[in-house]
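Next up, upload.cif (mmCIF, N, CA, C and O atoms):
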data_model
loop_
_atom_site.label_atom_id
_atom_site.label_comp_id
_atom_site.auth_asym_id
_atom_site.auth_seq_id
_atom_site.Cartn_x
_atom_site.Cartn_y
_atom_site.Cartn_z
N MET L 1 129.32 100.87 92.41
CA MET L 1 129.10 99.75 91.54
C MET L 1 127.59 99.49 91.42
O MET L 1 127.11 99.17 90.35
N PHE L 2 126.85 99.65 92.52
CA PHE L 2 125.41 99.42 92.48
C PHE L 2 124.74 100.37 91.49
O PHE L 2 123.92 99.96 90.67
N LEU L 3 125.08 101.66 91.56
CA LEU L 3 124.46 102.63 90.67
C LEU L 3 124.73 102.30 89.21
O LEU L 3 123.85 102.41 88.36
N GLU L 4 125.94 101.88 88.92
CA GLU L 4 126.31 101.52 87.56
C GLU L 4 125.48 100.33 87.05
O GLU L 4 124.92 100.37 85.96
N LYS L 5 125.40 99.27 87.84
CA LYS L 5 124.63 98.09 87.45
C LYS L 5 123.14 98.40 87.33
O LYS L 5 122.47 97.96 86.41
N PHE L 6 122.63 99.16 88.29
CA PHE L 6 121.22 99.56 88.26
C PHE L 6 120.93 100.36 87.00
O PHE L 6 119.94 100.13 86.31
N SER L 7 121.79 101.31 86.69
CA SER L 7 121.64 102.16 85.51
C SER L 7 121.65 101.32 84.23
O SER L 7 120.83 101.54 83.33
N GLU L 8 122.55 100.36 84.14
CA GLU L 8 122.65 99.51 82.95
C GLU L 8 121.43 98.60 82.81
O GLU L 8 120.93 98.39 81.72
N THR L 9 120.96 98.06 83.93
CA THR L 9 119.83 97.13 83.90
C THR L 9 118.55 97.83 83.44
O THR L 9 117.74 97.25 82.73
N TYR L 10 118.38 99.07 83.86
CA TYR L 10 117.17 99.84 83.53
C TYR L 10 117.56 101.08 82.75
O TYR L 10 117.17 102.20 83.09
N ALA L 11 118.30 100.88 81.68
CA ALA L 11 118.90 101.98 80.92
C ALA L 11 117.88 102.89 80.24
O ALA L 11 118.18 104.05 79.97
N GLN L 12 116.69 102.41 79.96
CA GLN L 12 115.70 103.20 79.24
C GLN L 12 114.93 104.17 80.13
O GLN L 12 114.17 104.99 79.64
N ASP L 13 115.12 104.09 81.43
CA ASP L 13 114.34 104.88 82.37
C ASP L 13 115.21 105.88 83.14
O ASP L 13 116.41 105.69 83.28
N ILE L 14 114.55 106.92 83.63
CA ILE L 14 115.17 107.87 84.56
C ILE L 14 114.79 107.41 85.96
O ILE L 14 113.64 107.10 86.23
N HIS L 15 115.75 107.36 86.87
CA HIS L 15 115.52 106.87 88.23
C HIS L 15 115.86 107.95 89.24
O HIS L 15 116.93 108.54 89.19
N ILE L 16 114.93 108.18 90.16
CA ILE L 16 115.17 109.12 91.25
C ILE L 16 115.41 108.31 92.51
O ILE L 16 114.54 107.54 92.91
N LEU L 17 116.56 108.46 93.10
CA LEU L 17 116.86 107.78 94.35
C LEU L 17 116.88 108.83 95.45
O LEU L 17 117.71 109.74 95.44
N GLN L 18 115.93 108.73 96.34
CA GLN L 18 115.85 109.69 97.44
C GLN L 18 116.69 109.21 98.60
O GLN L 18 116.60 108.06 99.01
N LEU L 19 117.51 110.11 99.10
CA LEU L 19 118.42 109.79 100.19
C LEU L 19 118.22 110.78 101.33
O LEU L 19 117.93 111.95 101.11
N ASP L 20 118.41 110.28 102.54
CA ASP L 20 118.44 111.23 103.65
C ASP L 20 119.84 111.83 103.69
O ASP L 20 120.67 111.55 102.84
N ASN L 21 120.11 112.65 104.64
CA ASN L 21 121.41 113.32 104.70
C ASN L 21 122.39 112.60 105.62
O ASN L 21 123.28 113.22 106.19
N GLY L 22 122.22 111.27 105.75
CA GLY L 22 123.15 110.49 106.55
C GLY L 22 124.56 110.55 105.98
O GLY L 22 124.74 110.58 104.76
N ALA L 23 125.54 110.56 106.84
CA ALA L 23 126.93 110.65 106.40
C ALA L 23 127.31 109.50 105.47
O ALA L 23 128.15 109.65 104.59
N PHE L 24 126.65 108.35 105.61
CA PHE L 24 126.96 107.20 104.78
C PHE L 24 126.43 107.36 103.36
O PHE L 24 126.72 106.55 102.49
N HIS L 25 125.65 108.41 103.08
CA HIS L 25 125.16 108.67 101.74
C HIS L 25 126.01 109.70 100.99
O HIS L 25 125.62 110.17 99.94
N LEU L 26 127.13 110.05 101.55
CA LEU L 26 128.00 111.03 100.93
C LEU L 26 129.30 110.39 100.49
O LEU L 26 129.84 109.52 101.15
N SER L 27 129.79 110.83 99.34
CA SER L 27 131.06 110.33 98.83
C SER L 27 131.65 111.37 97.90
O SER L 27 130.94 112.00 97.12
N GLN L 28 132.95 111.51 97.95
CA GLN L 28 133.62 112.43 97.04
C GLN L 28 133.99 111.75 95.73
O GLN L 28 134.38 112.39 94.77
N HIS L 29 133.85 110.41 95.68
CA HIS L 29 134.30 109.66 94.51
C HIS L 29 133.16 108.95 93.78
O HIS L 29 133.42 108.12 92.93
N LEU L 30 131.94 109.27 94.11
CA LEU L 30 130.79 108.61 93.52
C LEU L 30 130.53 109.11 92.11
O LEU L 30 130.49 110.31 91.87
N LYS L 31 130.39 108.17 91.17
CA LYS L 31 130.06 108.51 89.79
C LYS L 31 128.59 108.18 89.59
O LYS L 31 128.18 107.03 89.72
N ILE L 32 127.81 109.19 89.28
CA ILE L 32 126.36 109.02 89.13
C ILE L 32 126.03 108.93 87.65
O ILE L 32 126.29 109.87 86.89
N PRO L 33 125.46 107.81 87.22
CA PRO L 33 125.08 107.65 85.81
C PRO L 33 124.07 108.71 85.39
O PRO L 33 123.33 109.26 86.22
N GLU L 34 124.00 108.99 84.10
CA GLU L 34 123.14 110.05 83.57
C GLU L 34 121.67 109.81 83.80
O GLU L 34 120.89 110.76 83.86
N ASN L 35 121.23 108.56 83.92
CA ASN L 35 119.81 108.28 84.08
C ASN L 35 119.40 108.11 85.54
O ASN L 35 118.33 107.61 85.84
N ILE L 36 120.27 108.55 86.45
CA ILE L 36 119.97 108.49 87.88
C ILE L 36 120.08 109.89 88.47
O ILE L 36 121.05 110.61 88.22
N VAL L 37 119.07 110.25 89.25
CA VAL L 37 119.06 111.53 89.95
C VAL L 37 119.04 111.24 91.44
O VAL L 37 118.20 110.49 91.92
N LEU L 38 120.01 111.78 92.17
CA LEU L 38 120.02 111.65 93.62
C LEU L 38 119.28 112.85 94.20
O LEU L 38 119.63 114.00 93.93
N LEU L 39 118.24 112.56 94.96
CA LEU L 39 117.42 113.60 95.55
C LEU L 39 117.57 113.52 97.06
O LEU L 39 117.12 112.56 97.68
N PHE L 40 118.25 114.50 97.64
CA PHE L 40 118.47 114.51 99.08
C PHE L 40 117.31 115.19 99.78
O PHE L 40 116.95 116.31 99.44
N GLN L 41 116.73 114.49 100.75
CA GLN L 41 115.62 115.09 101.49
C GLN L 41 116.18 116.04 102.54
O GLN L 41 117.34 115.92 102.95
N PRO L 42 115.37 116.98 102.97
CA PRO L 42 115.82 117.92 104.02
C PRO L 42 116.20 117.16 105.29
O PRO L 42 115.65 116.09 105.58
N PRO L 43 117.13 117.70 106.07
CA PRO L 43 117.54 117.04 107.32
C PRO L 43 116.37 116.87 108.29
O PRO L 43 115.47 117.71 108.34
N HIS L 44 116.38 115.78 109.00
CA HIS L 44 115.41 115.49 110.07
C HIS L 44 113.96 115.49 109.57
O HIS L 44 113.08 115.99 110.25
N THR L 45 113.73 114.91 108.39
CA THR L 45 112.37 114.86 107.84
C THR L 45 112.03 113.46 107.32
O THR L 45 111.79 113.28 106.13
N PRO L 46 112.00 112.47 108.20
CA PRO L 46 111.67 111.13 107.72
C PRO L 46 110.26 111.05 107.12
O PRO L 46 109.99 110.17 106.32
N GLN L 47 109.38 112.00 107.46
CA GLN L 47 108.03 111.98 106.94
C GLN L 47 107.97 112.20 105.43
O GLN L 47 106.96 111.91 104.80
N VAL L 48 109.02 112.73 104.83
CA VAL L 48 109.03 112.91 103.37
C VAL L 48 109.78 111.79 102.66
O VAL L 48 109.96 111.84 101.45
N ASN L 49 110.18 110.79 103.39
CA ASN L 49 110.87 109.65 102.79
C ASN L 49 109.82 108.66 102.28
O ASN L 49 109.04 108.12 103.07
N PRO L 50 109.77 108.42 100.97
CA PRO L 50 108.73 107.54 100.42
C PRO L 50 108.68 106.15 101.05
O PRO L 50 107.61 105.59 101.22
N ILE L 51 109.81 105.60 101.43
CA ILE L 51 109.80 104.25 102.00
C ILE L 51 109.08 104.25 103.34
O ILE L 51 108.44 103.26 103.71
N GLU L 52 109.15 105.35 104.08
CA GLU L 52 108.43 105.44 105.35
C GLU L 52 106.92 105.37 105.12
O GLU L 52 106.20 104.72 105.86
N ARG L 53 106.45 106.03 104.07
CA ARG L 53 105.02 105.97 103.74
C ARG L 53 104.61 104.57 103.28
O ARG L 53 103.52 104.10 103.60
N LEU L 54 105.49 103.92 102.54
CA LEU L 54 105.18 102.56 102.09
C LEU L 54 105.09 101.61 103.28
O LEU L 54 104.15 100.80 103.37
N TRP L 55 106.05 101.70 104.21
CA TRP L 55 106.00 100.83 105.38
C TRP L 55 104.80 101.15 106.26
O TRP L 55 104.22 100.27 106.88
N GLU L 56 104.40 102.42 106.29
CA GLU L 56 103.20 102.79 107.04
C GLU L 56 101.99 102.05 106.47
O GLU L 56 101.14 101.55 107.22
N GLU L 57 101.91 101.96 105.15
CA GLU L 57 100.82 101.23 104.50
C GLU L 57 100.87 99.74 104.84
O GLU L 57 99.86 99.12 105.16
N VAL L 58 102.05 99.15 104.79
CA VAL L 58 102.20 97.72 105.11
C VAL L 58 101.83 97.47 106.57
O VAL L 58 101.09 96.54 106.89
N LYS L 59 102.32 98.32 107.46
CA LYS L 59 102.07 98.15 108.90
C LYS L 59 100.61 98.37 109.27
O LYS L 59 100.13 97.83 110.26
N ARG L 60 99.90 99.14 108.46
CA ARG L 60 98.48 99.40 108.72
C ARG L 60 97.70 98.08 108.79
O ARG L 60 96.75 97.94 109.55
N HIS L 61 98.15 97.09 108.04
CA HIS L 61 97.48 95.79 108.02
C HIS L 61 97.96 94.86 109.14
O HIS L 61 97.45 93.76 109.29
N LEU L 62 98.92 95.30 109.92
CA LEU L 62 99.44 94.50 111.03
C LEU L 62 98.78 94.82 112.36
O LEU L 62 99.02 94.13 113.36
N THR L 63 97.94 95.82 112.40
CA THR L 63 97.41 96.35 113.65
C THR L 63 96.88 95.29 114.61
O THR L 63 97.24 95.27 115.77
N TRP L 64 96.03 94.40 114.15
CA TRP L 64 95.41 93.42 115.03
C TRP L 64 95.93 92.00 114.79
O TRP L 64 95.33 91.04 115.25
N GLU L 65 97.02 91.88 114.10
CA GLU L 65 97.58 90.56 113.80
C GLU L 65 98.50 90.10 114.94
O GLU L 65 99.12 90.90 115.61
N SER L 66 98.55 88.80 115.09
CA SER L 66 99.45 88.19 116.07
C SER L 66 100.15 87.03 115.39
O SER L 66 99.52 86.24 114.68
N PHE L 67 101.44 86.93 115.59
CA PHE L 67 102.23 85.89 114.92
C PHE L 67 102.95 85.04 115.96
O PHE L 67 103.44 85.56 116.96
N SER L 68 103.01 83.75 115.69
CA SER L 68 103.67 82.82 116.62
C SER L 68 105.18 82.91 116.55
O SER L 68 105.88 82.61 117.51
N ASN L 69 105.67 83.31 115.35
CA ASN L 69 107.12 83.37 115.19
C ASN L 69 107.48 84.35 114.07
O ASN L 69 106.60 84.87 113.37
N LEU L 70 108.75 84.57 113.91
CA LEU L 70 109.24 85.53 112.94
C LEU L 70 108.93 85.10 111.51
O LEU L 70 108.63 85.93 110.65
N ASP L 71 108.95 83.81 111.25
CA ASP L 71 108.64 83.32 109.90
C ASP L 71 107.20 83.65 109.49
O ASP L 71 106.95 84.00 108.33
N GLU L 72 106.27 83.56 110.43
CA GLU L 72 104.88 83.92 110.13
C GLU L 72 104.77 85.41 109.79
O GLU L 72 104.03 85.79 108.89
N LEU L 73 105.48 86.22 110.54
CA LEU L 73 105.49 87.66 110.27
C LEU L 73 106.07 87.93 108.88
O LEU L 73 105.51 88.70 108.10
N ARG L 74 107.19 87.30 108.57
CA ARG L 74 107.81 87.48 107.25
C ARG L 74 106.84 87.07 106.14
O ARG L 74 106.72 87.76 105.12
N GLU L 75 106.18 85.96 106.32
CA GLU L 75 105.22 85.48 105.32
C GLU L 75 104.10 86.48 105.11
O GLU L 75 103.71 86.79 103.98
N PHE L 76 103.57 87.02 106.20
CA PHE L 76 102.49 88.00 106.12
C PHE L 76 102.95 89.25 105.36
O PHE L 76 102.25 89.74 104.47
N ILE L 77 104.12 89.76 105.72
CA ILE L 77 104.63 90.97 105.07
C ILE L 77 104.92 90.71 103.60
O ILE L 77 104.59 91.52 102.74
N TRP L 78 105.49 89.56 103.30
CA TRP L 78 105.79 89.23 101.90
C TRP L 78 104.51 89.20 101.07
O TRP L 78 104.45 89.76 99.97
N LYS L 79 103.47 88.58 101.59
CA LYS L 79 102.19 88.53 100.87
C LYS L 79 101.62 89.93 100.68
O LYS L 79 101.06 90.24 99.63
N ARG L 80 101.75 90.76 101.69
CA ARG L 80 101.25 92.13 101.59
C ARG L 80 102.03 92.90 100.52
O ARG L 80 101.45 93.64 99.73
N LEU L 81 103.34 92.74 100.50
CA LEU L 81 104.15 93.42 99.49
C LEU L 81 103.82 92.95 98.08
O LEU L 81 103.82 93.74 97.14
N GLU L 82 103.53 91.67 97.94
CA GLU L 82 103.18 91.14 96.62
C GLU L 82 101.87 91.73 96.09
O GLU L 82 101.64 91.74 94.88
N GLN L 83 101.02 92.22 96.96
CA GLN L 83 99.75 92.82 96.55
C GLN L 83 99.91 94.25 96.02
O GLN L 83 99.00 94.79 95.40
N LEU L 84 101.05 94.84 96.28
CA LEU L 84 101.27 96.22 95.86
C LEU L 84 101.71 96.25 94.39
O LEU L 84 102.68 95.60 94.03
N ASN L 85 101.00 97.00 93.58
CA ASN L 85 101.41 97.15 92.19
C ASN L 85 101.98 98.55 91.98
O ASN L 85 101.99 99.37 92.90
N THR L 86 102.43 98.83 90.78
CA THR L 86 103.09 100.09 90.49
C THR L 86 102.21 101.30 90.80
O THR L 86 102.66 102.28 91.39
N SER L 87 100.94 101.24 90.42
CA SER L 87 100.08 102.40 90.65
C SER L 87 99.80 102.62 92.14
O SER L 87 99.71 103.76 92.59
N VAL L 88 99.68 101.54 92.91
CA VAL L 88 99.47 101.68 94.35
C VAL L 88 100.71 102.29 95.01
O VAL L 88 100.61 103.22 95.80
N VAL L 89 101.88 101.78 94.65
CA VAL L 89 103.12 102.33 95.22
C VAL L 89 103.27 103.80 94.83
O VAL L 89 103.63 104.63 95.66
N ALA L 90 102.97 104.13 93.59
CA ALA L 90 103.08 105.53 93.15
C ALA L 90 102.13 106.42 93.93
O ALA L 90 102.48 107.54 94.31
N SER L 91 100.92 105.93 94.21
CA SER L 91 99.96 106.76 94.94
C SER L 91 100.37 106.95 96.40
O SER L 91 100.07 107.97 97.01
N ILE L 92 101.07 105.97 96.96
CA ILE L 92 101.52 106.06 98.35
C ILE L 92 102.77 106.92 98.49
O ILE L 92 102.93 107.68 99.43
N THR L 93 103.67 106.79 97.53
CA THR L 93 104.99 107.42 97.66
C THR L 93 105.17 108.68 96.83
O THR L 93 106.19 109.34 96.94
N GLY L 94 104.21 109.00 95.97
CA GLY L 94 104.35 110.17 95.11
C GLY L 94 104.29 111.48 95.88
O GLY L 94 103.47 111.66 96.76
N TRP L 95 105.18 112.37 95.56
CA TRP L 95 105.26 113.67 96.21
C TRP L 95 105.49 114.74 95.15
O TRP L 95 106.29 114.54 94.23
N ASP L 96 104.88 115.89 95.31
CA ASP L 96 105.09 116.99 94.36
C ASP L 96 106.53 117.45 94.32
O ASP L 96 107.03 117.85 93.28
N PHE L 97 107.23 117.40 95.47
CA PHE L 97 108.60 117.91 95.49
C PHE L 97 109.53 117.05 94.62
O PHE L 97 110.53 117.54 94.11
N ILE L 98 109.17 115.80 94.38
CA ILE L 98 109.97 114.96 93.49
C ILE L 98 109.80 115.45 92.05
O ILE L 98 110.77 115.59 91.31
N LEU L 99 108.57 115.72 91.67
CA LEU L 99 108.32 116.27 90.32
C LEU L 99 108.99 117.62 90.16
O LEU L 99 109.56 117.92 89.12
N ASP L 100 108.95 118.44 91.22
CA ASP L 100 109.62 119.74 91.17
C ASP L 100 111.12 119.57 90.96
O ASP L 100 111.74 120.29 90.19
N ALA L 101 111.71 118.59 91.65
CA ALA L 101 113.15 118.33 91.52
C ALA L 101 113.48 117.89 90.10
O ALA L 101 114.50 118.28 89.54
N LEU L 102 112.63 117.08 89.50
CA LEU L 102 112.85 116.66 88.12
C LEU L 102 112.80 117.85 87.18
O LEU L 102 113.61 117.97 86.25
N PHE L 103 111.83 118.74 87.40
CA PHE L 103 111.71 119.91 86.55
C PHE L 103 112.97 120.76 86.63
O PHE L 103 113.52 121.18 85.63
N VAL L 104 113.44 121.00 87.85
CA VAL L 104 114.63 121.81 88.05
C VAL L 104 115.85 121.16 87.43
O VAL L 104 116.71 121.82 86.84
N SER L 105 115.92 119.82 87.51
CA SER L 105 117.09 119.12 86.97
C SER L 105 117.05 118.99 85.46
O SER L 105 118.03 118.59 84.85
N GLY L 106 115.90 119.30 84.85
CA GLY L 106 115.80 119.22 83.41
C GLY L 106 115.32 117.86 82.90
O GLY L 106 115.32 117.62 81.70
N PHE L 107 114.90 116.96 83.79
CA PHE L 107 114.46 115.63 83.38
C PHE L 107 112.97 115.55 83.08
O PHE L 107 112.50 114.53 82.66
N SER L 108 112.21 116.59 83.36
CA SER L 108 110.76 116.50 83.19
C SER L 108 110.33 116.58 81.75
O SER L 108 111.04 116.95 80.88
#

Output the structure of this file as structure tokens.
Amino acid sequence: MFLEKFSETYAQDIHILQLDNGAFHLSQHLKIPENIVLLFQPPHTPQVNPIERLWEEVKRHLTWESFSNLDELREFIWKRLEQLNTSVVASITGWDFILDALFVSGFS
């Protein structure tokens, strides 16, 4: 249902969703909309997961910070995330293998 709603909401774009090979990412009954490409990363390679690189960037600013409580930490992270724009996220998470996958799939 998520893929269907996501596809409808952003119908004009092609979306690449990168997944690890966790058993919870597999289904025999999943219908993948035409504007969504599922890109499975190689097993045991969290270093190629774009979200890991994004969190690495966010955590880089946490190195010398100290927070009194969880709410302060949440506030700090939220402000940091708000500073990220599309070009910054693309520069952090962009990988050649994603472009290669698009080429092979015919979406390039």

Could you expand the PyMOL selection byres (((chain L and resi 58 and name CA) around 12) and name CA) into the explicit residues it covers here, written as number ranges by chain?
L: 51-57, 59-63, 73-74, 76-84, 88-89, 92

From a backbone DSSP assignment, name each residue in segment 15-108 of chain L labelled strand (DSSP E or B), as JSON, numbers by chain.
{"L": [15, 16, 17, 18, 19, 36, 37, 38, 39, 40]}

Mind pulling up the distance from atom CA of Phe6 of chain L to atom CA of His29 of chain L?
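We find that atom CA of His29 of chain L and atom CA of Phe6 of chain L lie 17.7 Å from each other.
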
Can you tell me which residues surround Val37 of chain L at a distance of at most 6 Å, considering all atoms listed in the file, apart from same-chain residues fewer than 2 positions away, and format the answer as a list of chain:residue names?
L:His15, L:Ile16, L:Leu17, L:Gln18, L:Pro33, L:Glu34, L:Asn35, L:Leu39

Which value, in Å to one decimal, gives the distance between atom O of Pro50 of chain L and atom O of Thr93 of chain L?
5.9 Å

Could you work out how far atom N of Ile36 of chain L lies from atom C of Gln12 of chain L, giving the answer in Å with one decimal?
9.4 Å

For Trp95 of chain L, which residue among L:Val48, L:Leu38, L:Pro43, L:Lys5 is the nearest when counting all atoms listed in the file?
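Checking each of L:Val48, L:Leu38, L:Pro43, L:Lys5 against Trp95 of chain L, counting all atoms listed in the file, the winner is L:Val48.
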
Just list the residues in chain L DSSP gives alpha helix (DSSP H) on the backbone, as a PyMOL selection string.
chain L and resi 2-9+50-60+70-82+86-93+96-105

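Minimum distance to Glu4 of chain L across L:Asn21, L:Glu75, L:Pro42, L:Leu30 (counting only C-alpha atoms) occurs at L:Leu30.
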